[in-house]
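Student: I am sharing model.txt, which consists of compact mmCIF, C-alpha atoms:
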# COMPACT_ATOMS: atom_id res chain seq x y z
CA MET A 10 39.04 120.80 223.53
CA ARG A 11 36.79 117.96 224.68
CA LEU A 12 33.31 118.07 223.13
CA VAL A 13 31.47 118.35 226.41
CA ALA A 14 33.43 121.48 227.29
CA ILE A 15 32.39 123.47 224.23
CA ALA A 16 29.53 125.37 225.78
CA GLY A 17 28.05 126.04 229.18
CA LEU A 18 24.49 126.91 230.07
CA LEU A 19 24.78 130.55 228.97
CA ALA A 20 26.19 129.62 225.58
CA ALA A 21 23.52 126.97 225.18
CA ALA A 22 20.81 129.54 225.86
CA ALA A 23 22.27 131.88 223.25
CA LEU A 24 22.39 129.11 220.69
CA ALA A 25 18.81 128.16 221.44
CA ALA A 26 17.75 131.69 220.59
CA GLY A 27 19.84 131.88 217.43
CA CYS A 28 19.05 128.65 215.59
CA GLY A 29 15.97 127.45 213.75
CA GLY A 30 12.59 129.00 213.02
CA GLU A 31 9.99 130.42 215.34
CA GLU A 32 8.08 127.15 215.56
CA GLU A 33 11.15 125.23 216.66
CA THR A 34 11.88 125.63 220.37
CA ALA A 35 14.41 123.60 222.31
CA THR A 36 12.91 121.77 225.27
CA THR A 37 14.21 122.02 228.82
CA GLU A 38 13.28 118.39 229.46
CA ASP A 39 16.03 115.80 229.28
CA VAL A 40 16.28 114.21 225.83
CA THR A 41 17.58 110.65 225.58
CA TYR A 42 19.48 109.20 222.67
CA GLU A 43 16.70 106.65 222.26
CA GLN A 44 14.43 109.58 221.33
CA VAL A 45 16.93 110.83 218.76
CA GLN A 46 17.22 107.35 217.30
CA GLY A 47 13.43 107.34 217.10
CA VAL A 48 13.59 110.42 214.86
CA PHE A 49 15.99 108.58 212.52
CA GLU A 50 13.59 105.65 212.37
CA LYS A 51 10.48 107.80 211.95
CA TYR A 52 11.78 109.56 208.83
CA GLY A 53 13.52 106.58 207.26
CA CYS A 54 17.03 107.97 207.85
CA ALA A 55 18.31 104.57 208.95
CA GLY A 56 17.16 103.07 205.65
CA CYS A 57 19.31 105.27 203.40
CA HIS A 58 22.15 105.40 205.89
CA PRO A 59 23.86 103.02 205.27
CA GLY A 60 21.61 101.46 202.60
CA SER A 61 22.23 104.09 199.92
CA VAL A 62 24.97 106.12 201.61
CA PRO A 63 27.35 103.77 203.46
CA ALA A 64 29.54 106.67 204.65
CA LEU A 65 27.04 107.15 207.51
CA ASP A 66 25.31 104.41 209.50
CA LEU A 67 22.23 105.62 211.42
CA THR A 68 20.95 102.19 212.45
CA GLU A 69 20.26 101.49 216.10
CA GLY A 70 23.35 100.61 218.10
CA ARG A 71 25.73 102.11 215.52
CA SER A 72 24.58 105.67 214.91
CA TYR A 73 26.05 107.41 217.96
CA SER A 74 29.65 106.43 217.20
CA LYS A 75 29.19 107.77 213.66
CA LEU A 76 27.91 111.18 214.76
CA VAL A 77 29.43 112.80 217.82
CA GLY A 78 32.81 114.35 217.13
CA VAL A 79 33.00 112.74 213.69
CA ARG A 80 34.05 114.86 210.73
CA ALA A 81 31.31 115.36 208.12
CA VAL A 82 32.03 113.91 204.70
CA LEU A 83 29.91 116.28 202.58
CA ASP A 84 31.44 119.39 204.18
CA PRO A 85 34.86 118.48 205.62
CA THR A 86 35.04 121.78 207.55
CA LEU A 87 32.21 120.66 209.84
CA TYR A 88 31.52 117.83 212.28
CA ARG A 89 28.36 115.76 212.27
CA VAL A 90 27.56 116.57 215.89
CA VAL A 91 29.38 119.02 218.16
CA ALA A 92 28.08 118.54 221.68
CA GLY A 93 26.49 121.74 222.98
CA ASP A 94 26.52 123.48 219.59
CA PRO A 95 23.70 122.69 217.13
CA GLY A 96 24.68 125.63 214.92
CA ARG A 97 27.99 123.88 214.14
CA SER A 98 26.54 120.38 213.94
CA PHE A 99 26.15 119.08 210.39
CA LEU A 100 23.31 116.75 211.45
CA TYR A 101 21.16 119.58 212.77
CA LEU A 102 21.89 121.84 209.81
CA LYS A 103 21.16 119.04 207.34
CA LEU A 104 17.74 118.45 208.91
CA GLY A 105 16.87 122.09 208.22
CA GLY A 106 18.06 123.87 211.32
CA ASP A 107 18.62 127.58 210.65
CA PRO A 108 18.32 127.33 206.84
CA PRO A 109 19.79 130.45 205.17
CA VAL A 110 17.99 130.23 201.81
CA ALA A 111 14.30 129.22 201.95
CA ASP A 112 14.43 125.74 203.50
CA ILE A 113 17.70 124.77 201.81
CA PRO A 114 20.72 124.59 204.12
CA ALA A 115 23.96 126.18 202.97
CA ILE A 116 25.49 122.73 203.22
CA GLY A 117 23.22 121.29 200.53
CA ILE A 118 19.99 119.35 200.08
CA ARG A 119 17.83 119.23 203.20
CA MET A 120 17.15 115.80 204.68
CA PRO A 121 15.10 113.79 204.16
CA PRO A 122 15.26 114.53 200.43
CA ASP A 123 12.15 114.83 198.26
CA ALA A 124 9.96 115.02 201.37
CA PRO A 125 8.45 117.75 203.57
CA PRO A 126 10.66 119.11 206.37
CA ILE A 127 10.61 117.06 209.54
CA ASP A 128 8.15 118.13 212.20
CA PRO A 129 9.42 121.19 214.16
CA ALA A 130 9.00 119.23 217.40
CA ASP A 131 11.35 116.52 216.10
CA LEU A 132 13.89 119.09 214.93
CA ALA A 133 13.65 120.73 218.36
CA LEU A 134 14.27 117.35 219.97
CA VAL A 135 17.50 116.85 218.01
CA LYS A 136 18.52 120.42 218.81
CA SER A 137 17.85 119.93 222.52
CA TRP A 138 19.82 116.67 222.57
CA ILE A 139 22.85 118.47 221.12
CA LEU A 140 22.48 121.42 223.50
CA GLN A 141 22.30 119.02 226.44
CA GLY A 142 25.66 117.49 225.57
CA ALA A 143 24.80 114.94 222.84
CA LYS A 144 24.74 112.10 225.37
CA ASP A 145 24.67 108.41 224.47
CA VAL A 146 22.32 105.73 225.80
CA ASP A 147 24.32 105.67 229.05
CA GLY A 148 23.93 109.42 229.53
CA GLN A 149 27.56 110.18 228.70
CA THR A 150 29.04 112.54 226.11
CA LYS A 151 31.54 110.54 224.11
CA GLY A 152 33.43 110.91 220.86
CA PRO A 153 36.76 112.18 219.56
CA VAL A 154 38.27 115.50 220.58
CA VAL A 155 37.11 118.32 218.30
CA VAL A 156 39.58 121.13 217.75
CA THR A 157 38.09 124.39 216.45
CA PRO A 158 35.05 123.09 214.56
CA GLY A 159 34.02 125.10 211.52
CA SER A 160 30.83 127.01 210.91
CA ALA A 161 28.21 126.75 208.20
CA PRO A 162 28.26 129.56 205.61
CA THR A 163 26.09 132.58 206.38
CA GLY A 164 24.84 135.62 204.50
CA LEU A 165 23.67 133.59 201.50
CA ASP A 166 20.10 134.88 201.27
CA VAL A 167 20.91 137.56 198.70
CA ALA A 168 19.76 138.22 195.14
CA ALA A 169 20.31 135.31 192.77
CA ALA A 170 23.08 135.73 190.22
CA THR A 171 21.81 136.40 186.71
CA GLU A 172 25.07 136.03 184.76
CA ALA A 173 27.45 133.07 184.58
CA THR A 174 30.57 135.21 184.79
CA GLY A 175 31.81 138.05 186.94
CA THR A 176 34.82 139.34 188.80
CA GLY A 177 34.96 136.86 191.68
CA THR A 178 36.92 133.66 192.20
CA ILE A 179 35.95 130.38 193.86
CA VAL A 180 38.65 127.99 194.99
CA GLY A 181 38.48 124.83 197.05
CA THR A 182 39.10 121.13 197.44
CA VAL A 183 37.14 117.97 196.65
CA VAL A 184 37.86 114.89 198.77
CA ASP A 185 36.31 111.44 199.06
CA GLU A 186 34.73 109.93 202.18
CA ARG A 187 38.21 108.95 203.39
CA PHE A 188 39.22 112.63 203.04
CA GLU A 189 41.64 111.81 200.22
CA PRO A 190 41.81 114.21 197.21
CA VAL A 191 39.56 113.37 194.26
CA VAL A 192 41.44 113.89 191.00
CA ASP A 193 39.45 115.16 187.97
CA ALA A 194 36.32 115.84 190.02
CA LEU A 195 33.93 118.34 188.45
CA VAL A 196 32.59 121.43 190.21
CA THR A 197 29.74 123.03 188.28
CA LEU A 198 28.04 126.41 188.58
CA LEU A 199 24.24 126.47 188.21
CA LEU A 200 21.89 129.38 187.59
CA HIS A 201 18.19 129.76 186.91
CA GLY A 202 17.89 129.50 183.15
CA PRO A 203 15.30 129.67 180.38
CA GLY A 204 15.53 125.98 179.53
CA GLU A 205 14.26 124.72 182.88
CA GLU A 206 11.25 126.66 184.15
CA GLY A 207 11.57 127.26 187.87
CA GLY A 208 14.73 125.17 187.99
CA LEU A 209 18.47 125.39 187.57
CA GLU A 210 20.78 124.78 184.65
CA HIS A 211 24.49 123.94 184.54
CA TYR A 212 26.63 126.64 182.96
CA ARG A 213 30.31 126.46 183.94
CA VAL A 214 32.74 123.91 185.33
CA ALA A 215 36.09 123.60 187.08
CA VAL A 216 38.14 120.38 187.29
CA THR A 217 40.29 119.34 190.24
CA GLY A 218 43.99 118.60 189.94
CA ALA A 219 46.09 115.85 191.53
CA ASP A 220 45.75 117.54 194.92
CA GLY A 221 41.96 117.76 194.67
CA ARG A 222 42.10 121.55 194.32
CA PHE A 223 40.01 123.53 191.85
CA THR A 224 39.69 127.15 190.77
CA LEU A 225 36.63 128.72 189.15
CA PRO A 226 37.74 132.14 187.85
CA GLU A 227 35.47 134.98 186.79
CA ALA A 228 32.75 133.84 189.19
CA PRO A 229 29.57 135.94 189.24
CA SER A 230 28.31 138.02 192.14
CA GLY A 231 25.09 137.03 193.90
CA SER A 232 23.88 133.66 195.20
CA TYR A 233 23.88 130.39 193.27
CA GLU A 234 24.56 126.68 193.59
CA LEU A 235 27.76 124.76 193.08
CA LYS A 236 27.66 120.99 192.62
CA ALA A 237 30.59 118.61 192.85
CA TYR A 238 30.67 115.31 190.95
CA GLY A 239 33.13 112.44 191.02
CA PRO A 240 32.94 109.10 189.22
CA ASP A 241 30.95 106.49 191.16
CA THR A 242 30.13 108.88 194.01
CA ILE A 243 27.12 110.76 195.37
CA TYR A 244 27.12 114.38 194.22
CA VAL A 245 27.15 117.23 196.74
CA VAL A 246 25.48 120.67 196.62
CA ARG A 247 26.67 123.93 198.12
CA ILE A 248 25.07 127.38 198.03
CA VAL A 249 27.49 130.29 197.72
CA ALA A 250 27.15 134.08 197.59
CA LEU A 251 29.89 136.33 196.25
CA GLU A 252 30.40 140.06 196.14
CA GLU A 253 32.12 141.72 193.22
CA GLY A 254 35.80 140.78 193.17
CA GLU A 255 35.54 138.46 196.19
CA THR A 256 37.50 135.22 196.51
CA GLN A 257 35.74 132.43 198.42
CA GLU A 258 36.88 128.94 199.40
CA VAL A 259 34.46 125.98 199.30
CA GLN A 260 35.16 122.42 200.42
CA PHE A 261 33.36 119.34 199.10
CA GLY A 262 33.35 115.73 200.29
CA LEU A 263 31.91 113.03 198.02
CA PRO A 264 30.55 109.81 199.56
CA ASP A 265 30.95 106.55 197.67
CA ARG A 266 27.77 105.42 195.95
CA ALA A 267 26.34 102.09 197.08
CA VAL A 268 23.84 101.73 194.22
CA GLU A 269 25.23 100.89 190.77
CA ASN A 270 22.84 103.21 188.95
CA PRO A 271 22.96 104.83 186.44
CA THR A 272 25.54 103.58 183.94
CA ILE A 273 26.63 105.17 180.66
CA SER A 274 28.23 103.97 177.42
CA GLN A 275 28.77 104.90 173.77
CA ALA A 276 29.59 108.56 174.37
CA LYS A 277 30.03 110.36 171.05
CA VAL A 278 31.09 113.79 169.82
CA ALA A 279 30.40 114.77 166.19
CA ARG A 280 31.36 118.44 165.98
CA THR A 281 28.34 120.19 167.56
CA GLU A 282 26.38 117.00 168.26
CA LEU A 283 26.81 115.17 171.59
CA SER A 284 25.23 111.88 172.65
CA VAL A 285 25.58 109.13 175.24
CA THR A 286 23.64 105.98 176.10
CA VAL A 287 22.26 105.93 179.65
CA THR A 288 21.07 102.77 181.38
CA GLY A 289 19.23 102.66 184.69
CA SER A 290 16.17 103.95 186.52
CA GLY A 291 15.20 107.30 188.00
CA ILE A 292 17.51 109.29 185.74
CA ALA A 293 17.54 112.96 186.74
CA SER A 294 16.17 115.03 183.84
CA ASN A 295 18.83 117.78 183.82
CA TYR A 296 21.76 115.69 185.01
CA VAL A 297 23.10 113.86 181.99
CA LEU A 298 26.08 116.09 181.37
CA ALA A 299 28.89 116.67 178.90
CA VAL A 300 31.82 118.70 180.21
CA ASN A 301 34.38 120.52 178.09
CA SER A 302 37.13 121.24 180.57
CA GLY A 303 39.21 123.24 178.10
CA ALA A 304 36.41 125.77 177.64
CA GLY A 305 35.27 125.50 181.25
CA LEU A 306 31.72 124.76 180.11
CA VAL A 307 29.13 122.08 180.89
CA PHE A 308 26.13 121.13 178.74
CA GLU A 309 22.96 119.24 179.62
CA LEU A 310 21.85 116.36 177.41
CA HIS A 311 18.18 115.39 177.09
CA ASN A 312 15.93 112.49 176.19
CA GLU A 313 12.28 112.83 175.14
CA THR A 314 11.07 110.23 177.62
CA GLY A 315 13.51 111.06 180.42
CA GLU A 316 14.32 107.36 180.65
CA GLU A 317 17.19 105.11 179.66
CA GLY A 318 18.36 105.24 176.08
CA THR A 319 20.16 107.86 174.01
CA TRP A 320 20.54 111.33 175.51
CA SER A 321 21.78 114.10 173.23
CA ALA A 322 22.44 117.82 172.79
CA SER A 323 23.10 120.14 169.85
CA LEU A 324 25.53 122.96 170.54
CA ASP A 325 25.71 126.42 169.02
CA ARG A 326 29.50 126.16 168.73
CA ASP A 327 32.18 123.65 167.77
CA LEU A 328 34.51 123.01 170.72
CA GLU A 329 37.67 120.94 170.69
CA GLY A 330 37.87 118.03 173.13
CA PRO A 331 38.38 116.23 175.33
CA TRP A 332 34.80 115.79 176.57
CA ILE A 333 33.73 114.15 179.83
CA PHE A 334 30.28 112.49 180.02
CA LEU A 335 28.37 111.50 183.16
CA ALA A 336 24.82 110.80 184.34
CA VAL A 337 23.10 111.20 187.71
CA ASP A 338 19.97 109.59 189.11
CA GLU A 339 17.33 111.11 191.37
CA GLN A 340 19.05 109.68 194.44
CA CYS A 341 22.19 111.72 193.61
CA ASN A 342 24.21 108.69 192.45
CA THR A 343 26.79 109.68 189.83
CA SER A 344 27.85 107.26 187.10
CA GLU A 345 31.38 106.56 186.01
CA PHE A 346 32.96 109.22 183.78
CA LEU A 347 33.54 108.56 180.08
CA THR A 348 36.09 110.68 178.21
CA VAL A 349 35.93 111.28 174.46
CA GLU A 350 38.69 113.17 172.68
CA GLY A 351 36.30 114.86 170.23
With the file now loaded, output its structure as structure tokens.

Tutor:
Amino acid sequence: MRLVAIAGLLAAAALAAGCGGEEETATTEDVTYEQVQGVFEKYGCAGCHPGSVPALDLTEGRSYSKLVGVRAVLDPTLYRVVAGDPGRSFLYLKLGGDPPVADIPAIGIRMPPDAPPIDPADLALVKSWILQGAKDVDGQTKGPVVVTPGSAPTGLDVAAATEATGTGTIVGTVVDERFEPVVDALVTLLLHGPGEEGGLEHYRVAVTGADGRFTLPEAPSGSYELKAYGPDTIYVVRIVALEEGETQEVQFGLPDRAVENPTISQAKVARTELSVTVTGSGIASNYVLAVNSGAGLVFELHNETGEEGTWSASLDRDLEGPWIFLAVDEQCNTSEFLTVEG
């Protein structure tokens, strides 16, 4: 169906009541696309898109054609903007609309990253623009035909998982920004752990096949994060919640990285000792990783200064290879992968 025909006034009113927090209220005044573009400029969105993430261009004169009716890369089941339906619009959800777990959307890191949430009035403005038909500068709703857009995951605000294994199963697909399968992508399971106070640690991993599909068996019940990594991409986060014995499908899309940072070299495995040399700036402290796909496990390497140099880990077991090494910076850029037979 054509985007503009998705919802009428009654549906729009229901959506206005069901999305966002109490402080965010959709306006009945007409919202122009110039105002929406002003939100992108105000929060620096147009700087990172396409500066750091070329898969999306939010600069003036180009942003509209990249949003309305365009399939989202990070979650290929959704569209960036569905006219009349903010609850199914990736843009609105990514800005913090109707977050299911604290202020973290089910679809991953809230935008803008590493910054306070955008002002409720600005979020309401974006919401109102979508409800009013997501019109362009000429006051017209344009964009490709959207057939049965997906919905963001719900019911995720449950008790956090405490064990890395259970009776559930997670399956899914990892694609690139062209929606082609990513072979040998890594999907990791993270839990709150003793080694990172107040933070998350990587515990388990699944690897995609030639078709981009992965399976994570014996998945725990409760809520936790999954992260997908591909070589030379930007990693993507998803929150999931499983019941005992449940099977859930999760889709990931990995944008190409525009910044050649970080880089890795000299990966080594000496029985229980792992090390790799990391070069670059802003290296994420818990995101220099060594993956043993045969065991389905992932280990975090560390460096005393948290800067470039040698990162290492000592294991409590001797695992046969191969091993896959990677590093991530604080802007979510993932290095190339290095494989060591071990």

Student: Tell me, as a list in words, which residues lie within 9 Å of A:Cys341, counting all atoms listed in the file; anything in the same chain fewer than 6 positions away does not count.

Tutor: Thr242, Ile243, Tyr244, Val245, Arg266 and Ala293 of chain A

Student: Please, could you write that set of residues out with C-alpha atoms as a short mmCIF file (atom, residue, chain, number, x, y, z; two decimals), in the coordinates of the input?

Tutor:
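Saved the output as again.cif:
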data_model
loop_
_atom_site.label_atom_id
_atom_site.label_comp_id
_atom_site.auth_asym_id
_atom_site.auth_seq_id
_atom_site.Cartn_x
_atom_site.Cartn_y
_atom_site.Cartn_z
CA THR A 242 30.13 108.88 194.01
CA ILE A 243 27.12 110.76 195.37
CA TYR A 244 27.12 114.38 194.22
CA VAL A 245 27.15 117.23 196.74
CA ARG A 266 27.77 105.42 195.95
CA ALA A 293 17.54 112.96 186.74
#

Student: At most 9 Å from (27.1, 119.7, 193.3), file frame, all atoms listed in the file: which residues, as a compact mmCIF listing (two decimals) with C-alpha atoms, in the frame of the given file?

Tutor:
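File result-v6.txt, as written:
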# COMPACT_ATOMS: atom_id res chain seq x y z
CA GLY A 117 23.22 121.29 200.53
CA LEU A 195 33.93 118.34 188.45
CA VAL A 196 32.59 121.43 190.21
CA THR A 197 29.74 123.03 188.28
CA LEU A 198 28.04 126.41 188.58
CA LEU A 199 24.24 126.47 188.21
CA GLU A 234 24.56 126.68 193.59
CA LEU A 235 27.76 124.76 193.08
CA LYS A 236 27.66 120.99 192.62
CA ALA A 237 30.59 118.61 192.85
CA TYR A 238 30.67 115.31 190.95
CA TYR A 244 27.12 114.38 194.22
CA VAL A 245 27.15 117.23 196.74
CA VAL A 246 25.48 120.67 196.62
CA ARG A 247 26.67 123.93 198.12
CA PHE A 261 33.36 119.34 199.10

Student: Pick from A:Pro114, A:Lys103, A:Gly142, A:Pro122: nearest to A:Val77, with all atoms listed in the file counted?

Tutor: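 That would be A:Gly142, the residue with the smallest distance to A:Val77.
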
Student: Show which residues sit within 12 Å of A:Pro59, as a PDB file with C-alpha atoms, in the frame of the given file. Count all atoms listed in the file, and ignore same-chain residues fewer than 3 positions away.

Tutor:
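Dumped to around-v7.pdb:
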ATOM      1  CA  GLY A  53      13.520 106.580 207.260  1.00  0.00           C
ATOM      2  CA  CYS A  54      17.030 107.970 207.850  1.00  0.00           C
ATOM      3  CA  ALA A  55      18.310 104.570 208.950  1.00  0.00           C
ATOM      4  CA  GLY A  56      17.160 103.070 205.650  1.00  0.00           C
ATOM      5  CA  VAL A  62      24.970 106.120 201.610  1.00  0.00           C
ATOM      6  CA  PRO A  63      27.350 103.770 203.460  1.00  0.00           C
ATOM      7  CA  ALA A  64      29.540 106.670 204.650  1.00  0.00           C
ATOM      8  CA  LEU A  65      27.040 107.150 207.510  1.00  0.00           C
ATOM      9  CA  ASP A  66      25.310 104.410 209.500  1.00  0.00           C
ATOM     10  CA  LEU A  67      22.230 105.620 211.420  1.00  0.00           C
ATOM     11  CA  THR A  68      20.950 102.190 212.450  1.00  0.00           C
ATOM     12  CA  GLU A  69      20.260 101.490 216.100  1.00  0.00           C
ATOM     13  CA  ARG A  71      25.730 102.110 215.520  1.00  0.00           C
ATOM     14  CA  SER A  72      24.580 105.670 214.910  1.00  0.00           C
ATOM     15  CA  LYS A  75      29.190 107.770 213.660  1.00  0.00           C
ATOM     16  CA  PRO A 264      30.550 109.810 199.560  1.00  0.00           C
ATOM     17  CA  ASP A 265      30.950 106.550 197.670  1.00  0.00           C
ATOM     18  CA  ARG A 266      27.770 105.420 195.950  1.00  0.00           C
ATOM     19  CA  ALA A 267      26.340 102.090 197.080  1.00  0.00           C
ATOM     20  CA  VAL A 268      23.840 101.730 194.220  1.00  0.00           C
TER      21      VAL A 268
END

Student: When distances are computed from all atoms listed in the file, which of A:Gln257, A:Val135, A:Leu102, A:Ile116 shows the smallest separation from A:Gly47?

Tutor: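 Closest to A:Gly47 of all the choices is A:Val135.
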
Student: For atom CA of A:Ile333 and atom CA of A:Gly262, determine how far apart the two atoms are, in Å to one decimal place.

Tutor: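 So the two atoms, atom CA of A:Ile333 and atom CA of A:Gly262, lie 20.5 Å apart.
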
Student: Distance atom CA of A:Val184-atom CA of A:Gly239, one decimal place?

Tutor: 9.4 Å

Student: Would you mind reading off the distance between atom CA of A:Gln340 and atom CA of A:Pro203, one decimal, in Å?

Tutor: 24.7 Å

Student: Please provide the set of residues having any atom within 12 Å of stretch 163-166 of chain A, restricted to only C-alpha atoms, with same-chain residues fewer than 5 positions apart removed, written as a VMD selection string.

Tutor: chain A and resid 96 to 97 107 to 116 230 to 234 247 to 252

Student: Choose the residue, out of A:Thr37, A:Thr182, A:Asn342, A:Gln275, that has the smallest atom-to-atom separation from A:Val216; count all atoms listed in the file.

Tutor: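 Residue with the minimum atom-to-atom distance to A:Val216: A:Thr182.
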
Student: Around stretch 82-101 of chain A, with edges along x, y and z and 6 Å added on all six sides, what centre and edge lengths do you get, in Å to one decimal, as AutoDock Vina command-line options?

Tutor:
--center_x 28.1 --center_y 119.8 --center_z 212.8 --size_x 25.9 --size_y 23.7 --size_z 32.4

Student: Complete stretch 112-127 of chain A at the level of N, CA and C atoms, written as a PDB file, in the coordinates of the input.

Tutor:
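See rebuild.pdb below for the written result:
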ATOM      1  N   ASP A 112      14.208 126.838 202.560  1.00  0.00           N
ATOM      2  CA  ASP A 112      14.430 125.740 203.500  1.00  0.00           C
ATOM      3  C   ASP A 112      15.624 124.905 203.081  1.00  0.00           C
ATOM      4  N   ILE A 113      16.523 125.501 202.287  1.00  0.00           N
ATOM      5  CA  ILE A 113      17.700 124.770 201.810  1.00  0.00           C
ATOM      6  C   ILE A 113      18.912 125.178 202.644  1.00  0.00           C
ATOM      7  N   PRO A 114      19.519 124.248 203.352  1.00  0.00           N
ATOM      8  CA  PRO A 114      20.720 124.590 204.120  1.00  0.00           C
ATOM      9  C   PRO A 114      21.871 124.988 203.206  1.00  0.00           C
ATOM     10  N   ALA A 115      22.770 125.805 203.726  1.00  0.00           N
ATOM     11  CA  ALA A 115      23.960 126.180 202.970  1.00  0.00           C
ATOM     12  C   ALA A 115      24.804 124.969 202.620  1.00  0.00           C
ATOM     13  N   ILE A 116      24.678 123.923 203.423  1.00  0.00           N
ATOM     14  CA  ILE A 116      25.490 122.730 203.220  1.00  0.00           C
ATOM     15  C   ILE A 116      24.871 121.766 202.220  1.00  0.00           C
ATOM     16  N   GLY A 117      23.771 122.127 201.592  1.00  0.00           N
ATOM     17  CA  GLY A 117      23.220 121.290 200.530  1.00  0.00           C
ATOM     18  C   GLY A 117      21.793 120.855 200.771  1.00  0.00           C
ATOM     19  N   ILE A 118      21.377 119.816 200.071  1.00  0.00           N
ATOM     20  CA  ILE A 118      19.990 119.350 200.080  1.00  0.00           C
ATOM     21  C   ILE A 118      19.542 119.005 201.496  1.00  0.00           C
ATOM     22  N   ARG A 119      18.366 119.534 201.881  1.00  0.00           N
ATOM     23  CA  ARG A 119      17.830 119.230 203.200  1.00  0.00           C
ATOM     24  C   ARG A 119      17.408 117.759 203.275  1.00  0.00           C
ATOM     25  N   MET A 120      17.581 117.177 204.449  1.00  0.00           N
ATOM     26  CA  MET A 120      17.150 115.800 204.680  1.00  0.00           C
ATOM     27  C   MET A 120      15.847 115.787 205.466  1.00  0.00           C
ATOM     28  N   PRO A 121      14.964 114.792 205.227  1.00  0.00           N
ATOM     29  CA  PRO A 121      15.100 113.790 204.160  1.00  0.00           C
ATOM     30  C   PRO A 121      14.789 114.401 202.806  1.00  0.00           C
ATOM     31  N   PRO A 122      15.439 113.928 201.744  1.00  0.00           N
ATOM     32  CA  PRO A 122      15.260 114.530 200.430  1.00  0.00           C
ATOM     33  C   PRO A 122      13.896 114.189 199.841  1.00  0.00           C
ATOM     34  N   ASP A 123      13.419 115.063 198.966  1.00  0.00           N
ATOM     35  CA  ASP A 123      12.150 114.830 198.260  1.00  0.00           C
ATOM     36  C   ASP A 123      11.001 114.541 199.223  1.00  0.00           C
ATOM     37  N   ALA A 124      11.003 115.209 200.357  1.00  0.00           N
ATOM     38  CA  ALA A 124       9.960 115.020 201.370  1.00  0.00           C
ATOM     39  C   ALA A 124       9.782 116.327 202.126  1.00  0.00           C
ATOM     40  N   PRO A 125       8.639 116.535 202.767  1.00  0.00           N
ATOM     41  CA  PRO A 125       8.450 117.750 203.570  1.00  0.00           C
ATOM     42  C   PRO A 125       9.471 117.808 204.700  1.00  0.00           C
ATOM     43  N   PRO A 126       9.760 119.008 205.219  1.00  0.00           N
ATOM     44  CA  PRO A 126      10.660 119.110 206.370  1.00  0.00           C
ATOM     45  C   PRO A 126      10.139 118.293 207.543  1.00  0.00           C
ATOM     46  N   ILE A 127      11.041 117.822 208.378  1.00  0.00           N
ATOM     47  CA  ILE A 127      10.610 117.060 209.540  1.00  0.00           C
ATOM     48  C   ILE A 127       9.817 117.976 210.469  1.00  0.00           C
TER      49      ILE A 127
END
